[in-house]
Structures are given as structure tokens and as C-alpha cells.
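This is my_file13.cif (mmCIF, C-alpha atoms and all ligand atoms).
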```
data_start
#
loop_
_atom_site.label_atom_id
_atom_site.label_comp_id
_atom_site.auth_asym_id
_atom_site.auth_seq_id
_atom_site.Cartn_x
_atom_site.Cartn_y
_atom_site.Cartn_z
CA MET A 17 134.59 123.88 99.04
CA HIS A 18 132.91 125.66 96.15
CA ARG A 19 129.12 125.46 96.18
CA ALA A 20 126.91 126.35 93.25
CA ALA A 21 124.48 129.22 93.85
CA THR A 22 121.05 128.11 95.17
CA PRO A 23 118.55 127.96 92.30
CA ALA A 24 115.51 130.25 92.47
CA PRO A 25 112.71 128.48 94.47
CA ALA A 26 110.63 127.72 91.39
CA ALA A 27 113.59 125.85 89.86
CA ASP A 28 114.88 124.29 93.08
CA PRO A 29 114.09 120.59 93.60
CA PHE A 30 114.78 121.12 97.33
CA ALA A 31 112.25 123.97 97.73
CA LYS A 32 109.65 121.52 99.07
CA CYS A 33 112.07 120.47 101.81
CA ARG A 34 112.39 124.04 103.05
CA ASP A 35 108.60 124.35 103.00
CA PHE A 36 108.07 121.09 104.93
CA LYS A 37 107.20 122.20 108.48
CA GLN A 38 104.78 119.52 109.70
CA ALA A 39 107.27 117.53 111.78
CA GLU A 40 108.90 120.67 113.20
CA GLU A 41 105.52 122.00 114.32
CA MET A 42 104.62 118.76 116.06
CA ILE A 43 108.00 118.64 117.79
CA ALA A 44 107.45 122.22 119.01
CA GLN A 45 104.09 121.14 120.47
CA GLY A 46 105.73 118.10 122.12
CA ILE A 47 103.42 115.62 120.36
CA TYR A 48 105.72 114.19 117.68
CA PRO A 49 105.51 110.41 118.12
CA TYR A 50 107.85 109.19 115.36
CA PHE A 51 111.50 108.14 114.99
CA PHE A 52 111.86 107.90 118.77
CA PRO A 53 115.22 106.23 119.54
CA LEU A 54 115.44 103.18 121.77
CA GLU A 55 118.45 103.42 124.03
CA GLU A 56 118.12 99.81 125.17
CA ASN A 57 115.83 97.01 124.07
CA HIS A 58 114.90 94.19 126.43
CA GLY A 59 111.80 93.05 124.55
CA PRO A 60 108.70 93.99 126.57
CA ARG A 61 110.77 96.59 128.45
CA VAL A 62 112.83 99.23 126.65
CA VAL A 63 114.76 102.33 127.63
CA MET A 64 113.75 105.57 125.90
CA ASP A 65 114.58 109.11 126.89
CA GLY A 66 116.60 107.69 129.80
CA ARG A 67 113.58 105.87 131.31
CA GLU A 68 112.41 102.28 131.38
CA MET A 69 109.17 101.91 129.45
CA ILE A 70 106.75 99.08 128.74
CA MET A 71 106.83 98.38 125.01
CA ILE A 72 103.30 97.75 123.80
CA GLY A 73 103.94 98.77 120.18
CA SER A 74 106.45 96.30 118.77
CA ASN A 75 105.96 93.68 116.06
CA ASN A 76 108.33 91.36 117.93
CA TYR A 77 105.24 89.26 118.69
CA LEU A 78 106.99 86.21 120.09
CA GLY A 79 109.77 88.18 121.76
CA LEU A 80 112.36 86.09 119.91
CA THR A 81 114.74 88.97 119.12
CA MET A 82 115.88 88.63 122.73
CA ASP A 83 116.06 84.82 122.76
CA PRO A 84 119.70 83.81 123.48
CA ARG A 85 119.48 80.95 120.96
CA VAL A 86 118.45 83.32 118.15
CA GLN A 87 121.22 85.74 119.11
CA GLU A 88 123.79 82.93 119.23
CA ALA A 89 122.74 81.64 115.79
CA ALA A 90 123.22 85.15 114.36
CA ARG A 91 126.68 85.45 115.97
CA LYS A 92 127.78 82.05 114.62
CA ALA A 93 126.61 82.93 111.10
CA ILE A 94 128.73 86.08 111.18
CA GLU A 95 131.75 84.02 112.20
CA ARG A 96 131.14 81.54 109.39
CA PHE A 97 129.97 83.80 106.55
CA GLY A 98 130.93 87.36 107.58
CA THR A 99 128.70 90.37 108.08
CA SER A 100 127.40 90.76 104.52
CA CYS A 101 126.80 88.72 101.38
CA SER A 102 128.16 91.66 99.36
CA GLY A 103 125.92 91.06 96.38
CA SER A 104 122.57 89.91 95.08
CA ARG A 105 121.27 86.36 95.24
CA PHE A 106 121.49 86.27 91.44
CA LEU A 107 125.28 86.50 91.12
CA ASN A 108 127.32 86.05 94.26
CA GLY A 109 125.06 86.50 97.30
CA THR A 110 123.37 83.11 97.72
CA LEU A 111 124.46 81.11 100.76
CA ALA A 112 123.65 77.48 101.46
CA LEU A 113 121.90 79.00 104.50
CA HIS A 114 119.44 80.96 102.28
CA GLU A 115 118.49 77.75 100.52
CA GLU A 116 118.08 75.86 103.79
CA LEU A 117 115.80 78.62 105.09
CA GLU A 118 113.73 78.49 101.89
CA ARG A 119 113.33 74.72 102.04
CA ARG A 120 112.24 74.83 105.67
CA LEU A 121 109.83 77.72 105.13
CA ALA A 122 108.19 75.98 102.18
CA ARG A 123 107.62 72.95 104.39
CA PHE A 124 106.32 75.12 107.25
CA VAL A 125 103.65 76.77 105.10
CA LYS A 126 102.93 73.61 103.06
CA LYS A 127 103.97 75.03 99.68
CA GLN A 128 106.20 73.56 96.98
CA ALA A 129 108.86 76.27 97.16
CA ALA A 130 109.87 79.50 98.87
CA LEU A 131 112.18 82.39 98.00
CA ALA A 132 113.76 84.78 100.53
CA PHE A 133 114.19 88.52 99.89
CA SER A 134 116.18 91.10 101.85
CA THR A 135 113.13 92.78 103.41
CA GLY A 136 109.41 92.16 103.64
CA TYR A 137 108.89 95.34 101.63
CA GLN A 138 111.09 94.06 98.84
CA THR A 139 109.28 90.72 98.88
CA ASN A 140 105.94 92.24 97.94
CA LEU A 141 107.56 94.79 95.67
CA GLY A 142 109.47 92.03 93.89
CA VAL A 143 106.70 89.46 93.61
CA ILE A 144 103.93 91.80 92.52
CA SER A 145 106.06 93.77 90.06
CA ALA A 146 107.28 90.53 88.48
CA LEU A 147 103.76 89.18 88.07
CA VAL A 148 101.89 92.22 86.74
CA ASP A 149 101.75 92.87 83.02
CA LYS A 150 99.58 94.64 80.49
CA LYS A 151 96.93 91.94 80.60
CA THR A 152 96.69 91.08 84.28
CA ILE A 153 94.17 92.88 86.50
CA ILE A 154 95.24 93.31 90.12
CA VAL A 155 92.36 93.55 92.57
CA ALA A 156 93.53 94.64 96.03
CA ASP A 157 91.93 95.35 99.40
CA LYS A 158 92.28 99.08 100.16
CA GLY A 159 93.83 98.23 103.52
CA THR A 160 96.61 96.16 102.02
CA HIS A 161 100.15 97.24 102.94
CA ALA A 162 101.78 100.05 100.93
CA CYS A 163 104.44 97.76 99.45
CA VAL A 164 101.81 95.85 97.51
CA PHE A 165 100.73 99.06 95.81
CA ASP A 166 104.35 100.07 95.28
CA GLY A 167 104.86 96.68 93.58
CA ILE A 168 101.92 97.43 91.29
CA PHE A 169 103.38 100.85 90.44
CA LEU A 170 106.85 99.41 89.84
CA GLY A 171 105.46 96.64 87.65
CA GLY A 172 103.11 99.09 85.95
CA GLY A 173 105.96 101.47 85.18
CA LEU A 174 107.99 98.70 83.65
CA ASN A 175 105.12 97.23 81.75
CA SER A 176 103.67 100.59 80.75
CA ARG A 177 100.13 99.80 81.90
CA VAL A 178 98.54 97.77 84.66
CA THR A 179 94.90 97.69 85.58
CA MET A 180 94.42 97.93 89.31
CA LYS A 181 91.12 97.90 91.16
CA ARG A 182 90.77 98.43 94.89
CA TYR A 183 87.88 97.14 96.96
CA ARG A 184 86.72 98.61 100.26
CA HIS A 185 88.50 97.01 103.19
CA ASN A 186 87.24 93.43 103.71
CA ASP A 187 84.03 94.31 101.84
CA MET A 188 83.19 91.18 99.88
CA ASP A 189 80.05 92.69 98.32
CA HIS A 190 82.10 95.52 96.88
CA LEU A 191 84.71 93.05 95.61
CA GLU A 192 82.04 90.93 93.99
CA SER A 193 80.51 94.00 92.32
CA LEU A 194 83.92 94.85 90.83
CA PHE A 195 84.23 91.33 89.44
CA ARG A 196 80.72 91.43 87.97
CA GLU A 197 81.69 94.52 85.97
CA MET A 198 85.03 93.13 84.79
CA ASP A 199 85.85 91.61 81.43
CA PRO A 200 85.97 87.86 82.28
CA ASP A 201 88.90 87.08 79.98
CA PRO A 202 92.06 88.80 81.35
CA PRO A 203 94.10 87.06 84.07
CA LYS A 204 93.25 88.34 87.56
CA LEU A 205 95.05 88.36 90.90
CA ILE A 206 93.35 89.23 94.20
CA VAL A 207 95.69 90.64 96.84
CA THR A 208 94.93 90.89 100.55
CA ASP A 209 96.74 90.97 103.86
CA GLY A 210 96.17 87.93 106.07
CA VAL A 211 96.18 89.90 109.32
CA PHE A 212 95.80 93.64 108.71
CA SER A 213 98.69 95.44 110.35
CA MET A 214 97.00 98.51 111.82
CA GLU A 215 93.67 97.14 113.07
CA GLY A 216 94.45 93.47 113.68
CA ASP A 217 91.47 92.12 111.73
CA ILE A 218 91.77 89.09 109.46
CA GLY A 219 91.25 88.98 105.69
CA LYS A 220 88.15 87.07 104.62
CA VAL A 221 90.11 84.37 102.89
CA PRO A 222 87.27 81.79 102.50
CA HIS A 223 85.15 84.41 100.67
CA LEU A 224 88.13 85.39 98.55
CA ILE A 225 88.74 81.74 97.62
CA ASP A 226 85.11 81.45 96.62
CA ILE A 227 85.32 84.57 94.45
CA CYS A 228 88.57 83.32 92.89
CA GLU A 229 86.87 80.05 91.97
CA ARG A 230 83.80 81.70 90.50
CA TYR A 231 85.68 84.35 88.52
CA ASN A 232 88.79 82.40 87.65
CA ALA A 233 91.26 84.48 89.64
CA ARG A 234 94.38 83.72 91.70
CA LEU A 235 94.81 84.65 95.37
CA PHE A 236 97.83 86.32 97.00
CA VAL A 237 97.98 86.73 100.80
CA ASP A 238 100.55 88.91 102.60
CA ASP A 239 100.74 87.31 106.04
CA ALA A 240 103.42 89.53 107.59
CA HIS A 241 101.39 89.77 110.81
CA GLY A 242 99.83 86.32 110.62
CA LEU A 243 102.71 83.84 110.74
CA GLY A 244 103.75 83.14 114.32
CA VAL A 245 100.62 84.98 115.49
CA ILE A 246 97.43 83.18 114.43
CA GLY A 247 96.57 79.60 113.56
CA ARG A 248 96.81 76.78 116.08
CA THR A 249 100.56 76.26 115.50
CA GLY A 250 101.41 79.77 114.30
CA ARG A 251 101.16 78.94 110.60
CA GLY A 252 99.11 82.08 110.13
CA THR A 253 96.01 82.91 108.16
CA LEU A 254 96.20 79.81 105.95
CA GLU A 255 96.16 77.60 109.04
CA TYR A 256 93.46 79.72 110.72
CA TYR A 257 91.15 79.00 107.76
CA ASP A 258 92.65 75.62 106.88
CA ALA A 259 93.31 77.00 103.40
CA PHE A 260 96.91 75.98 102.68
CA ASP A 261 96.17 74.47 99.30
CA ARG A 262 93.67 77.10 98.20
CA VAL A 263 95.79 80.23 98.50
CA ASP A 264 98.13 80.51 95.51
CA LEU A 265 100.85 82.75 96.89
CA LEU A 266 101.84 83.65 100.42
CA THR A 267 104.30 86.35 101.43
CA CYS A 268 105.67 87.18 104.86
CA THR A 269 108.33 89.30 106.51
CA PHE A 270 111.02 88.16 108.95
CA SER A 271 110.92 91.46 110.85
CA LYS A 272 108.03 90.48 113.09
CA SER A 273 107.58 86.99 114.60
CA PHE A 274 110.79 85.76 112.94
CA ALA A 275 113.01 88.16 114.91
CA SER A 276 115.09 89.21 111.93
CA LEU A 277 114.99 91.28 108.74
CA GLY A 278 113.96 89.91 105.34
CA GLY A 279 110.93 88.24 103.87
CA PHE A 280 109.79 85.37 101.69
CA VAL A 281 107.25 84.27 99.14
CA ALA A 282 105.94 80.71 98.95
CA GLY A 283 103.93 79.00 96.23
CA ASP A 284 104.16 76.62 93.30
CA GLN A 285 107.70 75.85 92.11
CA GLU A 286 107.18 77.31 88.64
CA VAL A 287 105.89 80.62 90.03
CA ILE A 288 108.79 80.87 92.49
CA ASP A 289 111.28 80.09 89.69
CA TYR A 290 109.75 82.80 87.52
CA VAL A 291 109.82 85.41 90.29
CA LYS A 292 113.40 84.45 91.12
CA HIS A 293 114.50 85.31 87.58
CA ARG A 294 112.22 88.27 86.90
CA SER A 295 112.06 90.23 90.14
CA ARG A 296 114.16 93.40 90.11
CA PRO A 297 114.42 93.72 93.92
CA MET A 298 115.78 90.15 93.92
CA ILE A 299 118.26 90.66 91.10
CA PHE A 300 119.43 94.22 91.72
CA SER A 301 119.75 94.33 95.51
CA ALA A 302 122.11 92.55 97.92
CA SER A 303 120.79 89.42 99.61
CA MET A 304 119.79 88.93 103.25
CA PRO A 305 122.93 89.11 105.43
CA PRO A 306 124.07 85.84 107.08
CA ALA A 307 123.12 86.88 110.63
CA ASN A 308 119.58 87.69 109.50
CA VAL A 309 119.19 84.35 107.71
CA ALA A 310 120.46 82.43 110.72
CA ALA A 311 118.21 84.38 113.13
CA ALA A 312 115.13 83.69 110.98
CA LEU A 313 116.06 79.99 110.72
CA LYS A 314 116.45 79.67 114.50
CA ALA A 315 113.18 81.56 115.11
CA LEU A 316 111.43 79.20 112.68
CA GLU A 317 112.83 76.20 114.55
CA ILE A 318 111.60 77.63 117.86
CA ILE A 319 108.12 78.36 116.46
CA GLU A 320 107.92 74.79 115.15
CA THR A 321 109.21 73.01 118.24
CA GLU A 322 107.94 75.23 121.10
CA PRO A 323 104.24 75.89 120.45
CA HIS A 324 103.79 77.49 123.87
CA TRP A 325 105.12 80.84 122.55
CA VAL A 326 102.30 81.14 120.03
CA ARG A 327 99.75 79.94 122.59
CA SER A 328 100.97 82.45 125.16
CA LEU A 329 100.76 85.29 122.61
CA GLN A 330 97.23 84.30 121.64
CA THR A 331 96.04 83.94 125.25
CA LYS A 332 97.51 87.30 126.27
CA GLY A 333 96.08 88.94 123.15
CA GLU A 334 92.59 87.61 123.91
CA ARG A 335 92.79 88.77 127.51
CA MET A 336 93.94 92.26 126.57
CA ARG A 337 91.25 92.68 123.89
CA ARG A 338 88.59 91.60 126.38
CA GLU A 339 89.93 93.93 129.08
CA PHE A 340 90.24 96.94 126.77
CA GLN A 341 86.68 96.36 125.60
CA SER A 342 85.34 95.98 129.12
CA LEU A 343 86.98 99.29 130.03
CA GLY A 344 84.91 100.81 127.22
CA PHE A 345 87.57 101.23 124.52
CA ASP A 346 86.62 100.71 120.88
CA THR A 347 88.95 98.02 119.55
CA GLY A 348 87.41 97.97 116.08
CA GLU A 349 87.36 94.61 114.32
CA SER A 350 90.53 93.28 115.96
CA GLU A 351 90.70 89.49 116.30
CA THR A 352 94.42 89.17 117.00
CA PRO A 353 97.14 90.43 119.40
CA ILE A 354 97.19 93.65 117.32
CA ILE A 355 94.65 95.70 119.25
CA PRO A 356 93.79 99.20 118.02
CA ILE A 357 92.35 101.71 120.45
CA LEU A 358 90.23 103.91 118.21
CA VAL A 359 90.44 107.60 119.09
CA ARG A 360 89.14 108.88 115.71
CA ASP A 361 90.79 112.30 115.95
CA ASP A 362 94.38 112.98 114.89
CA THR A 363 95.29 115.62 117.49
CA LYS A 364 93.67 113.68 120.31
CA THR A 365 95.54 110.55 119.17
CA PHE A 366 98.88 112.36 119.39
CA GLN A 367 97.94 113.76 122.82
CA PHE A 368 96.89 110.30 124.01
CA TRP A 369 100.19 108.90 122.75
CA LYS A 370 102.10 111.60 124.64
CA ARG A 371 100.23 110.93 127.90
CA LEU A 372 101.02 107.22 127.55
CA PHE A 373 104.66 108.01 126.90
CA GLU A 374 104.88 110.26 129.96
CA SER A 375 103.36 107.41 131.99
CA GLY A 376 106.01 104.93 130.83
CA VAL A 377 104.05 103.09 128.13
CA TYR A 378 105.18 103.13 124.49
CA ALA A 379 102.47 102.46 121.87
CA ASN A 380 102.07 103.67 118.27
CA ALA A 381 100.06 106.69 117.18
CA VAL A 382 98.51 105.90 113.79
CA VAL A 383 96.75 108.52 111.69
CA SER A 384 95.76 108.95 108.04
CA PRO A 385 96.94 107.87 105.47
CA ALA A 386 97.97 104.69 107.35
CA VAL A 387 94.30 104.40 108.40
CA PRO A 388 91.19 106.14 107.02
CA PRO A 389 90.87 109.75 108.34
CA ASP A 390 88.05 108.86 110.78
CA ARG A 391 89.94 105.91 112.27
CA SER A 392 93.04 107.43 113.89
CA LEU A 393 94.13 105.12 116.67
CA ILE A 394 96.66 104.02 119.23
CA ARG A 395 98.01 100.71 117.96
CA THR A 396 98.87 98.27 120.72
CA THR A 397 100.56 94.94 120.07
CA ILE A 398 100.96 92.18 122.60
CA MET A 399 104.09 90.05 122.93
CA ALA A 400 104.36 86.47 124.19
CA THR A 401 106.98 87.72 126.65
CA HIS A 402 104.90 90.45 128.32
CA SER A 403 104.47 89.64 131.99
CA LYS A 404 101.11 89.89 133.76
CA GLU A 405 102.51 92.85 135.65
CA ASP A 406 103.43 94.63 132.35
CA LEU A 407 99.96 94.09 130.93
CA ASP A 408 98.17 95.09 134.15
CA ARG A 409 100.13 98.33 134.16
CA VAL A 410 99.26 98.98 130.51
CA LEU A 411 95.56 98.52 131.28
CA GLU A 412 95.68 100.80 134.34
CA THR A 413 97.49 103.49 132.34
CA PHE A 414 95.05 103.31 129.43
CA GLU A 415 92.08 103.41 131.79
CA LYS A 416 93.36 106.50 133.61
CA ILE A 417 94.23 108.44 130.43
CA GLY A 418 91.16 107.18 128.56
CA LYS A 419 88.90 108.56 131.31
CA GLU A 420 90.76 111.85 131.63
CA MET A 421 90.67 112.42 127.86
CA HIS A 422 87.04 111.24 127.53
CA VAL A 423 88.00 108.45 125.14
CA ILE A 424 86.05 106.12 127.44
C1 LIG A 501 101.53 93.70 105.95
C2 LIG A 501 102.97 94.07 105.77
N1 LIG A 501 103.62 93.64 104.67
C3 LIG A 501 104.90 93.94 104.47
C4 LIG A 501 105.63 94.70 105.35
C5 LIG A 501 107.05 95.05 105.07
O1 LIG A 501 107.90 94.32 105.87
P1 LIG A 501 109.32 94.85 106.35
O2 LIG A 501 109.08 96.03 107.25
O3 LIG A 501 109.89 93.71 107.08
O4 LIG A 501 110.09 95.24 105.15
C6 LIG A 501 105.02 95.15 106.50
C7 LIG A 501 105.79 95.95 107.49
O5 LIG A 501 105.36 96.78 108.18
C8 LIG A 501 103.65 94.84 106.72
O6 LIG A 501 103.01 95.27 107.82
#
```
As C-alpha cells, the full file:
Amino acid sequence: MHRAATPAPAADPFAKCRDFKQAEEMIAQGIYPYFFPLEENHGPRVVMDGREMIMIGSNNYLGLTMDPRVQEAARKAIERFGTSCSGSRFLNGTLALHEELERRLARFVKKQAALAFSTGYQTNLGVISALVDKKTIIVADKGTHACVFDGIFLGGGLNSRVTMKRYRHNDMDHLESLFREMDPDPPKLIVTDGVFSMEGDIGKVPHLIDICERYNARLFVDDAHGLGVIGRTGRGTLEYYDAFDRVDLLTCTFSKSFASLGGFVAGDQEVIDYVKHRSRPMIFSASMPPANVAAALKALEIIETEPHWVRSLQTKGERMRREFQSLGFDTGESETPIIPILVRDDTKTFQFWKRLFESGVYANAVVSPAVPPDRSLIRTTIMATHSKEDLDRVLETFEKIGKEMHVI
């Protein structure tokens, strides 16, 4: 095959790829913690690198990806609707099953309507980009997930200009100071995560509601890590604060407690209708495949009818947080089954991760820019299906490595 001559480096769009050595260097040092393939997945136990490991870094909080009923629902949906919807919701990719899921989700989170997207990422991208315009000011917590900011950039690009302000993570005084300086007239939308994904702390929704009321703003909560995890019946941050009717828009992903892939937004009917017709990720991308819709629907049914899964997750999360703290680990502001172990040094975090891996425990190494540079951490996440034996072994392993590496 004829190939064109390689352009001179200065004119080559691929030159940066040749210069990119960071991953290679970490692999050479044996501390590269990313893209590690699972050879088998059994929920709290997985097989990696030919060995059985305890998984303490998954977002499968309720363990429902392994529930036979969820798996059977996915199989049946494939038999009935095939493996793909082959198009976007807008034209030819809406199934009766999508609409059933949306109706049931709206009821679950006590909103008028819901709309399902193909991923959680696309949900925030689609909702935010549809809502921003030249007038609207978006005010977002700095710790909010990347897809919210990508939604602002997408919307900003389309609408030529968007004003975005970011407040320090969960810092209500800083947020208030931004509002005091703002022109009171333009429409304003505050955006926060419900449960913050890396450190497991909870957005200060009651304060945000108060600020919204005083400054005439709307409130958007991304509860990807809240639904199925916090709140007495797993209805997330809005249930935790009893704030269902005071948060304007709620988004969530299906890739965590809902054991699937996809996401949804819930809110007032007119807002959902608008987003449905104005969101580019909704209109220009194929819809959630049948198996994913059916898996999310079955997971929702299980969350609603079997509250012991949520209770078990919460109880195990509380125990692990307490135990990590009593061993001397710094778990930051965590209040949920997402428990960060703060190491505060990138290299040491990668080394800690490697020692865990060698000891048969898989957690996540998280460094900047996913967290501020002084907050690199090992992210642990508890699952409802972890056994006491799994969790005891995790604690013993952390204690041993933590002492040897002088983290505790
Ligand atoms: C807070 C938050 N929002 C949105 C997303 C995107 O969801 P998904 O990975 O299902 O596309 C994530 C995923 O990591 C997340 O943590």
C-alpha cells in the first residue's frame, strides 16, 4: 500500500504522539495502574494477571452486574429487540422499553419526567450543552465531574459565548462571594455533584438551595454516585437531604448502581421536552442498546423492592471508613462507601497501588488532575456484595502496606 511521506515534525499532527512518553515510562517502572484488563469478573472477586484479586475499586456498588435476574433481563431484551437500536432516539432508536425505564425513573426520583441517554457522560454533556446560552451563567463546583465542564464547552462553542464561574469545592462562602459580585439579572444555573466521585463527600445541597432562592438561580445535581448508594431507600442525595422538590434537575448514570451503561436526566416535563429536542448527544448518537435498558430496569426494580442491598452497602461502607480511620489513614471528608485513602504524593500513590496489587487487592490510584495536586489518593469503593472476609483482608493489606510505606 502506498503511504504518503511523513510530514516534518513541525507540520505533523501526530508529532505529539511520538513525544508522549509518560505511560511508557511508568510501565517501565512497573507502576502503571491504568487500563488493566480483567480476565474474569465475579463482582467483589476478579481475575487479573492470572490471579484472583479482591476488587475494592469498582463502581458496581450494589453488585448487581452479577445478579442472575439482571443478566437474564439483558438476555431476554436481546432476544426481543436485538443487540442494537441502530440509530438515535430521535429517528428510529426509541424502544417502548426506553419509555418504560424513563417513566419508572421519574417516579423513583419523584420528578415529572425523565430522559435516558446512551452514557452518563453524554447525559451531562447533552443536558448542559442544551441549556447554556449567551445569557445564562453556569456556576459549578470545581470538583464536579469532567463531563459537566465538557457540556459547558460544547454548549459554549455552539452558542459562541458562555459565562462559567467555578467555586472552590463545597466552599459555600466562596460560592456566595461569586454571587454577590454577579449581575443579578442573567439566568443562573448552579451545578454540583451529589456524591463526589473521587473523595466520597456529599454536595452541600441545602446551602445550595438557599443560595438559589436568595439569588434566583436553578440547581442541577449530578448524582451518578448517589443513587443506589445514599438516602434511606437509595434515592440518593435528594433523599439524603429530603430535597426532592427543591432540586430542579437531577442526572445519573446507569454504569454504577444500575449495573448497566447509560444515564438519565429527571426534572420538570417542559425542561425534559426541551432537552429531548435540543440536545446534540441525544439527537446525533445511537440510543441505549436493548440489553442495557433492560438491565437498568431490572436493577431499578431490585433497588426499589429489596432495600437490604442499599442497607448492606451503607453498613459496610460505615464500618470500613471507621476501620480505616482507626488504623490511622486519612479518609478526607468521605461520608459514603467511596473511601479515599489520602497519600498526597503521586509517586508514593502509584507505589502504594502496586503493593496492593501484588498483595491481591485492586483499588484505584488517583492523581492530579482528577484530584488537586496535594490530594493524590487510593480510591476504595465498597460493594454490597463484599464478604466480611474480603473486607477484613483489605484492611489487613492496607495496614501492612500503610505501615511499611509510612502512610500511617
Ligand atoms: C459524577 C459522574 N458523572 C458522570 C459520569 C459519567 O458516567 P459514565 O461513565 O456512565 O458515562 C461519571 C463517571 O465516572 C461520574 O463519576
Contacts of chain A with ligand LIG 501 (chain A) up to 10 Å, shortest pair per row, only C-alpha atoms and all ligand atoms, as a tab-separated table:
```
residue	atom	partner	partner_atom	distance
A:Asn75	CA	A:LIG501	O5	8.5
A:Phe133	CA	A:LIG501	O4	9.5
A:Ser134	CA	A:LIG501	O4	8.1
A:Thr135	CA	A:LIG501	O4	4.3
A:Gly136	CA	A:LIG501	O1	3.5
A:Tyr137	CA	A:LIG501	O4	3.7
A:Gln138	CA	A:LIG501	O4	6.5
A:Thr139	CA	A:LIG501	O4	7.8
A:Asn140	CA	A:LIG501	C3	6.8
A:Leu141	CA	A:LIG501	C3	9.2
A:Gly159	CA	A:LIG501	C1	9.3
A:Thr160	CA	A:LIG501	C1	6.8
A:His161	CA	A:LIG501	C1	4.8
A:Ala162	CA	A:LIG501	N1	7.6
A:Cys163	CA	A:LIG501	C3	6.3
A:Val164	CA	A:LIG501	N1	7.7
A:Thr208	CA	A:LIG501	C1	9.0
A:Asp209	CA	A:LIG501	C1	5.9
A:Gly210	CA	A:LIG501	C1	7.9
A:Val211	CA	A:LIG501	C1	7.4
A:Phe212	CA	A:LIG501	C1	6.4
A:Ser213	CA	A:LIG501	O6	5.0
A:Met214	CA	A:LIG501	O6	7.9
A:Val237	CA	A:LIG501	C1	9.4
A:Asp238	CA	A:LIG501	C1	5.9
A:Asp239	CA	A:LIG501	C1	6.4
A:Ala240	CA	A:LIG501	C1	4.9
A:His241	CA	A:LIG501	C1	6.3
A:Gly242	CA	A:LIG501	C1	8.9
A:Thr267	CA	A:LIG501	N1	8.0
A:Cys268	CA	A:LIG501	N1	6.8
A:Thr269	CA	A:LIG501	O3	4.7
A:Phe270	CA	A:LIG501	O3	6.0
A:Ser271	CA	A:LIG501	O3	4.5
A:Lys272	CA	A:LIG501	O3	7.1
A:Phe274	CA	A:LIG501	O3	9.9
A:Ser276	CA	A:LIG501	O3	8.4
A:Leu277	CA	A:LIG501	O3	5.9
A:Gly278	CA	A:LIG501	O3	5.8
A:Gly279	CA	A:LIG501	O3	6.4
A:Phe280	CA	A:LIG501	O3	9.9
```
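From atom CA of Ser74 of chain A back to atom CA of Arg327 of chain A, the distance works out to 18.1 Å.
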Worksheet item: Which one is closest to Arg184 of chain A: A:Ile394, A:Leu117, A:Val155, A:Met399? Count all atoms listed in the file.
Response: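 Closest to Arg184 of chain A, using all atoms listed in the file: A:Val155.
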Worksheet, complete the sentence: In Å and to one decimal, atom CA of Leu411 of chain A is distant from atom CA of Ile355 of chain A by 12.4 Å
Discussion item. Restricting the calculation to only C-alpha atoms: of A:Arg371, A:Arg337, A:His324, A:Lys126, which residue gets closest to Leu266 of chain A?
Written reply: A:Lys126
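In this comparison, which uses all atoms listed in the file, the residue of A:Ala312, A:Ile206, A:Ala89, A:Ile398 approaching Ala379 of chain A most closely is A:Ile398.
Closest approach to Asp187 of chain A among A:Ile168, A:Gly173, A:Leu343, A:Leu224 is made by A:Leu224 (distances from only C-alpha atoms).
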